[in-house]
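Peer 1: My structure is stored as input_6.txt, with compact mmCIF, C-alpha atoms.
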```txt
# COMPACT_ATOMS: atom_id res chain seq x y z
CA MET A 290 -7.96 -6.63 14.14
CA THR A 291 -6.94 -6.43 17.79
CA HIS A 292 -7.87 -3.81 20.37
CA SER A 293 -7.54 -2.93 24.01
CA GLU A 294 -9.95 -4.44 26.51
CA SER A 295 -11.94 -1.21 26.44
CA ILE A 296 -12.27 1.48 23.77
CA ALA A 297 -14.68 3.65 25.76
CA ASN A 298 -12.42 6.68 25.40
CA LEU A 299 -10.99 5.84 21.99
CA ALA A 300 -14.35 5.47 20.26
CA PRO A 301 -15.74 8.99 20.91
CA ALA A 302 -12.34 10.49 20.08
CA LEU A 303 -12.40 8.74 16.70
CA VAL A 304 -15.97 9.90 16.10
CA ALA A 305 -14.96 13.50 16.83
CA PHE A 306 -11.92 13.16 14.60
CA GLY A 307 -14.04 11.70 11.81
CA SER A 308 -16.48 14.60 11.96
CA GLU A 309 -13.68 17.08 11.23
CA VAL A 310 -11.19 15.27 8.98
CA THR A 311 -11.34 15.69 5.20
CA ASN A 312 -9.84 13.53 2.49
CA PRO A 313 -6.30 14.60 1.54
CA HIS A 314 -5.69 16.21 -1.84
CA ASN A 315 -4.72 13.65 -4.47
CA SER A 316 -1.69 15.46 -5.85
CA VAL A 317 0.40 12.68 -7.44
CA VAL A 318 -0.45 10.98 -10.74
CA ASN A 319 0.11 7.24 -11.09
CA THR A 320 1.67 7.20 -14.56
CA PHE A 321 0.75 3.55 -15.10
CA HIS A 322 -2.93 3.65 -14.07
CA LYS A 323 -3.43 7.40 -14.76
CA ASN A 324 -5.25 7.85 -11.47
CA LYS A 325 -4.24 10.28 -8.72
CA TYR A 326 -3.35 9.56 -5.11
CA ALA A 327 -2.16 11.37 -2.00
CA PRO A 328 1.40 10.46 -0.95
CA LEU A 329 2.04 9.26 2.59
CA ASN A 330 3.74 12.46 3.76
CA GLU A 331 0.77 14.61 2.70
CA ILE A 332 -1.71 12.31 4.46
CA LEU A 333 0.34 12.52 7.67
CA ASN A 334 0.65 16.30 7.43
CA GLU A 335 -3.12 16.49 7.02
CA VAL A 336 -4.19 14.21 9.88
CA ARG A 337 -1.55 14.64 12.60
CA PRO A 338 -2.78 17.99 14.00
CA LEU A 339 -6.38 16.80 14.08
CA LEU A 340 -5.44 13.49 15.69
CA ALA A 341 -3.52 15.33 18.39
CA LYS A 342 -6.49 17.65 18.97
CA HIS A 343 -8.58 14.63 19.97
CA GLY A 344 -5.89 12.84 21.98
CA LEU A 345 -5.06 10.40 19.22
CA THR A 346 -1.94 9.30 17.36
CA VAL A 347 -1.01 6.61 14.87
CA SER A 348 2.01 4.31 15.03
CA GLN A 349 3.07 2.15 12.08
CA LEU A 350 5.66 -0.59 12.51
CA PRO A 351 7.26 -2.93 9.94
CA ALA A 352 6.02 -6.52 10.18
CA SER A 353 6.94 -9.80 8.51
CA SER A 354 5.48 -13.26 8.07
CA GLY A 355 7.48 -15.88 6.20
CA ASP A 356 8.43 -14.39 2.83
CA ASN A 357 5.95 -11.54 3.27
CA ILE A 358 6.65 -8.07 4.60
CA GLY A 359 4.08 -5.62 5.86
CA VAL A 360 2.96 -3.00 8.34
CA THR A 361 1.19 -3.03 11.68
CA THR A 362 -0.93 0.11 12.11
CA ILE A 363 -1.93 1.12 15.65
CA VAL A 364 -4.37 3.92 16.49
CA LEU A 365 -3.65 5.05 20.07
CA HIS A 366 -5.56 7.22 22.53
CA THR A 367 -4.07 9.12 25.47
CA SER A 368 -6.04 6.80 27.77
CA GLY A 369 -3.87 3.90 26.57
CA GLU A 370 -6.69 2.36 24.54
CA TYR A 371 -5.89 1.22 21.02
CA ILE A 372 -6.98 -0.62 17.88
CA SER A 373 -4.47 -2.41 15.67
CA ASP A 374 -4.21 -4.50 12.52
CA THR A 375 -1.47 -5.91 10.26
CA ILE A 376 -1.29 -6.28 6.49
CA THR A 377 1.48 -8.05 4.52
CA MET A 378 2.51 -8.63 0.90
CA ALA A 379 4.97 -10.93 -0.82
CA VAL A 380 8.39 -9.45 -1.64
CA GLY A 381 9.28 -10.07 -5.28
CA THR A 382 12.28 -9.05 -7.35
CA GLU A 383 12.80 -6.07 -9.62
CA LYS A 384 15.65 -5.35 -11.97
CA GLY A 385 17.87 -2.52 -10.75
CA LYS A 386 16.58 -2.58 -7.16
CA SER A 387 17.94 -4.30 -4.08
CA ALA A 388 15.73 -6.36 -1.79
CA ALA A 389 15.87 -3.53 0.75
CA GLN A 390 14.63 -0.99 -1.82
CA ILE A 391 11.76 -3.25 -2.87
CA ALA A 392 10.80 -3.88 0.77
CA GLY A 393 10.91 -0.14 1.45
CA SER A 394 8.55 0.56 -1.46
CA ILE A 395 6.10 -2.09 -0.26
CA ILE A 396 6.16 -0.76 3.30
CA THR A 397 5.49 2.80 2.13
CA TYR A 398 2.65 1.58 -0.08
CA LEU A 399 1.07 -0.46 2.75
CA ARG A 400 1.49 2.39 5.23
CA ARG A 401 -0.46 4.70 2.93
CA TYR A 402 -3.31 2.23 2.42
CA SER A 403 -3.43 1.09 6.06
CA LEU A 404 -3.40 4.65 7.39
CA ALA A 405 -6.25 5.70 5.11
CA ALA A 406 -8.27 2.61 6.04
CA ALA A 407 -7.69 3.00 9.78
CA LEU A 408 -8.78 6.66 9.72
CA ASN A 409 -11.65 6.10 7.25
CA ILE A 410 -10.34 8.52 4.64
CA ALA A 411 -9.80 8.16 0.88
CA SER A 412 -6.25 8.65 -0.38
CA GLU A 413 -6.77 8.12 -4.11
CA ASP A 414 -9.28 8.66 -6.91
CA ASP A 415 -12.33 6.43 -6.93
CA ASP A 416 -14.33 5.75 -10.11
CA ASP A 417 -17.23 4.05 -8.35
CA GLY A 418 -19.45 6.94 -9.38
CA ASN A 419 -18.86 6.15 -13.04
CA ALA A 420 -19.09 2.42 -12.46
CA GLY A 421 -22.47 2.91 -10.84
CA LEU A 422 -23.80 4.52 -14.03
CA LYS A 423 -23.10 1.43 -16.12
CA PRO A 424 -26.21 -0.63 -16.93
CA GLN A 425 -26.42 -3.82 -14.91
CA ALA A 426 -27.87 -7.14 -15.97
CA PRO A 427 -31.24 -8.06 -14.43
CA LYS A 428 -30.85 -10.03 -11.23
CA HIS A 429 -32.52 -13.11 -12.70
CA GLU A 430 -30.06 -13.25 -15.58
CA ALA A 431 -26.47 -14.37 -15.28
CA PRO A 432 -24.04 -11.77 -16.70
CA LYS A 433 -22.75 -12.71 -20.13
CA PRO A 434 -19.08 -13.77 -20.09
CA GLN A 435 -16.75 -11.38 -21.85
CA ALA A 436 -13.77 -12.44 -23.87
CA ALA A 437 -10.45 -11.70 -22.19
CA PRO A 438 -8.30 -9.01 -23.84
CA PRO A 439 -5.90 -10.49 -26.45
CA TYR A 440 -2.82 -10.09 -24.25
CA LEU A 441 -4.45 -12.18 -21.50
CA GLN A 442 -5.23 -14.97 -23.95
CA GLN A 443 -1.74 -15.14 -25.42
CA SER A 444 1.12 -17.15 -24.04
CA ILE A 445 3.89 -14.82 -22.90
CA ASN A 446 6.18 -16.58 -25.38
CA ASP A 447 3.87 -15.42 -28.18
CA ILE A 448 3.92 -11.76 -27.14
CA SER A 449 6.43 -9.53 -28.89
CA PRO A 450 8.98 -8.08 -26.44
CA SER A 451 8.03 -4.60 -27.66
CA LYS A 452 4.52 -5.27 -26.33
CA TYR A 453 5.54 -6.44 -22.84
CA PRO A 454 4.58 -3.09 -21.19
CA HIS A 455 1.12 -3.25 -22.83
CA ALA A 456 0.65 -6.86 -21.79
CA LEU A 457 1.69 -5.97 -18.23
CA LYS A 458 -0.89 -3.20 -18.12
CA ALA A 459 -3.56 -5.68 -19.22
CA GLU A 460 -2.63 -8.00 -16.33
CA VAL A 461 -2.64 -5.09 -13.85
CA ASP A 462 -6.01 -3.83 -15.11
CA TRP A 463 -7.45 -7.34 -14.71
CA LEU A 464 -6.26 -7.61 -11.10
CA SER A 465 -7.60 -4.14 -10.31
CA SER A 466 -11.01 -4.93 -11.81
CA HIS A 467 -11.25 -8.17 -9.83
CA ASP A 468 -10.85 -6.60 -6.37
CA HIS A 469 -7.09 -7.12 -6.12
CA SER A 470 -6.17 -3.43 -6.13
CA GLN A 471 -3.25 -3.84 -3.72
CA GLN A 472 -1.50 -6.33 -5.99
CA ALA A 473 -2.33 -4.18 -9.01
CA GLU A 474 -0.92 -1.05 -7.37
CA SER A 475 2.27 -2.90 -6.40
CA PHE A 476 2.86 -4.05 -9.98
CA SER A 477 1.95 -0.59 -11.20
CA GLU A 478 4.51 1.09 -8.97
CA GLN A 479 7.22 -1.34 -10.08
CA ALA A 480 6.33 -0.70 -13.72
CA ARG A 481 6.51 3.02 -13.10
CA GLY A 482 10.00 2.53 -11.70
CA LEU A 483 11.05 0.74 -14.90
CA LYS A 484 9.58 3.54 -16.96
CA GLU A 485 11.43 6.17 -14.94
CA MET A 486 14.69 4.28 -15.58
CA ASN A 487 13.90 4.27 -19.32
CA ALA A 488 14.09 0.49 -19.26
CA ALA A 489 13.83 -1.36 -22.55
CA SER A 490 10.53 -3.10 -23.29
CA ALA A 491 12.22 -6.49 -22.88
CA ASP A 492 13.14 -5.56 -19.29
CA TYR A 493 9.44 -5.73 -18.38
CA LEU A 494 9.39 -9.52 -18.90
CA PRO A 495 10.12 -10.60 -15.26
CA LEU A 496 7.42 -8.24 -13.94
CA LEU A 497 4.98 -9.39 -16.63
CA GLN A 498 5.57 -13.01 -15.62
CA LYS A 499 4.89 -12.23 -11.95
CA ALA A 500 1.70 -10.34 -12.82
CA ARG A 501 0.57 -13.22 -15.04
CA ASP A 502 1.22 -15.72 -12.23
CA ALA A 503 -0.74 -13.53 -9.80
CA ARG A 504 -3.73 -13.39 -12.15
CA LEU A 505 -3.70 -17.13 -12.76
CA ARG A 506 -3.65 -17.78 -8.99
CA VAL A 507 -6.70 -15.55 -8.59
CA GLU A 508 -8.50 -17.34 -11.43
CA ASP A 509 -7.70 -20.72 -9.87
CA LYS A 510 -9.19 -19.60 -6.54
CA GLN A 511 -12.33 -18.36 -8.31
CA LEU A 512 -12.73 -21.73 -9.98
CA GLU A 513 -12.37 -23.48 -6.60
CA VAL A 514 -15.34 -21.47 -5.31
CA PHE A 515 -17.53 -22.97 -8.01
```
Could the structure of this file be written out as structure tokens, please?

Peer 2:
Amino acid sequence: MTHSESIANLAPALVAFGSEVTNPHNSVVNTFHKNKYAPLNEILNEVRPLLAKHGLTVSQLPASSGDNIGVTTIVLHTSGEYISDTITMAVGTEKGKSAAQIAGSIITYLRRYSLAAALNIASEDDDDGNAGLKPQAPKHEAPKPQAAPPYLQQSINDISPSKYPHALKAEVDWLSSHDHSQQAESFSEQARGLKEMNAASADYLPLLQKARDARLRVEDKQLEVF
């Protein structure tokens, strides 16, 4: 994160804003994950008047780094003070969409997440309350390893094409449960696009392969830690 030399005026304005802002209504259902989220336009409609009330505004600019595309989010105060940060993601391919359409979807997705993070609001359902109710292993005992779901154990070549959407969901669920929610949401949105186009099950193969590669890279990094 970067910021102006001083944030003496920005800080109290953000505190005042935070004391009044409420989380936007999660009105859209993610058909792949079955959770709800607030679309970007509704978040902006919710926060813009309150930001202006406290002399604040948010600017979001497209950014790129190598093969990645992303967004730089800047929170500005009328004094000229600011805080800023950039987030990027890799641009993949998707059947039926041009590179520009895929990039546009990623930018919208990152704008929504970055805006919510910068303003300390929640823009989608959170199941941490339920997760907290699950019994936890005693601290002195290592958690017992669980067998991976069947789709994660199978080679893609061994999975029936009719099961590609189910196998993709297994990969996405794994990424989401291992603190890679941004990657999971990206794959989820692309899968939802295929579903909306009534794509055949076999058309999910390229996306399934990318999700599998993403999971394996995460697993490799976890092994490196140990």

Peer 1: Select, from A:Ser295, A:Ser394, A:Ser403, A:Ser444, the residue with the minimum atom-to-atom distance to Ser477 (chain A), counting only C-alpha atoms.

Peer 2: A:Ser394

Peer 1: Could you jot down the CA of Asp374 (chain A) to CA of Thr291 (chain A) separation for me, Å, one decimal place?

Peer 2: 6.2 Å

Peer 1: Counting all atoms listed in the file, I want the residues whose atoms come within 8 Å of (0.1, 7.5, 15.3) in the file frame, returned as a ChimeraX atom specification.

Peer 2: /A:337,345-349,363-365

Peer 1: Point out the residue among A:Gly359, A:Gly307, A:Gly369, A:Gly381 with the least atom-to-atom distance to Ser293 (chain A), counting all atoms listed in the file.

Peer 2: A:Gly369

Peer 1: So, counting all atoms listed in the file, which residue among A:Leu408, A:Val461, A:Ala388, A:Leu340 is closest to Leu496 (chain A)?

Peer 2: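 When distances to Leu496 (chain A) are compared using all atoms listed in the file, the smallest one comes from A:Val461.
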
Peer 1: Looking at A:Asn330, A:Ser465, A:Ser354, A:Ser490, which one is nearest to Ser449 (chain A), with distances taken over all atoms listed in the file?

Peer 2: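 Looking at the shortest contact to Ser449 (chain A), the residue is A:Ser490.
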
Peer 1: Rank nothing, just name the residue among A:Ala473, A:Ala489, A:Leu350, A:Ala459 nearest to Ser373 (chain A), using all atoms listed in the file.

Peer 2: A:Leu350

Peer 1: Separation of CA of Ser368 (chain A) and CA of Ile410 (chain A), in Å?

Peer 2: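 Taking CA of Ser368 (chain A) and CA of Ile410 (chain A), their separation equals 23.6 Å.
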
Peer 1: Take CA of Ile332 (chain A) and CA of Thr362 (chain A) and report the distance between them in Å, one decimal.

Peer 2: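 So the answer is 14.4 Å.
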
Peer 1: Find the residues with any atom within 7 Å of (-10.0, -3.3, 23.4); use all atoms listed in the file and the coordinates as given in the file, and write the answer as a PyMOL selection string.

Peer 2: chain A and resi 292-296+370-372

Peer 1: Skip region 506-511 of chain A itself and residues of its chain fewer than 5 positions away, then list as a PyMOL selection string all residues within 9 Å of it, counting all atoms listed in the file.

Peer 2: chain A and resi 464+467+469+501

Peer 1: I need the residue nearest Asn446 (chain A) from this list: A:Thr311, A:Ser353, A:Gln498, A:Thr377. Use only C-alpha atoms for the distance.

Peer 2: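 Once distances to Asn446 (chain A) are computed over only C-alpha atoms, the minimum belongs to A:Gln498.
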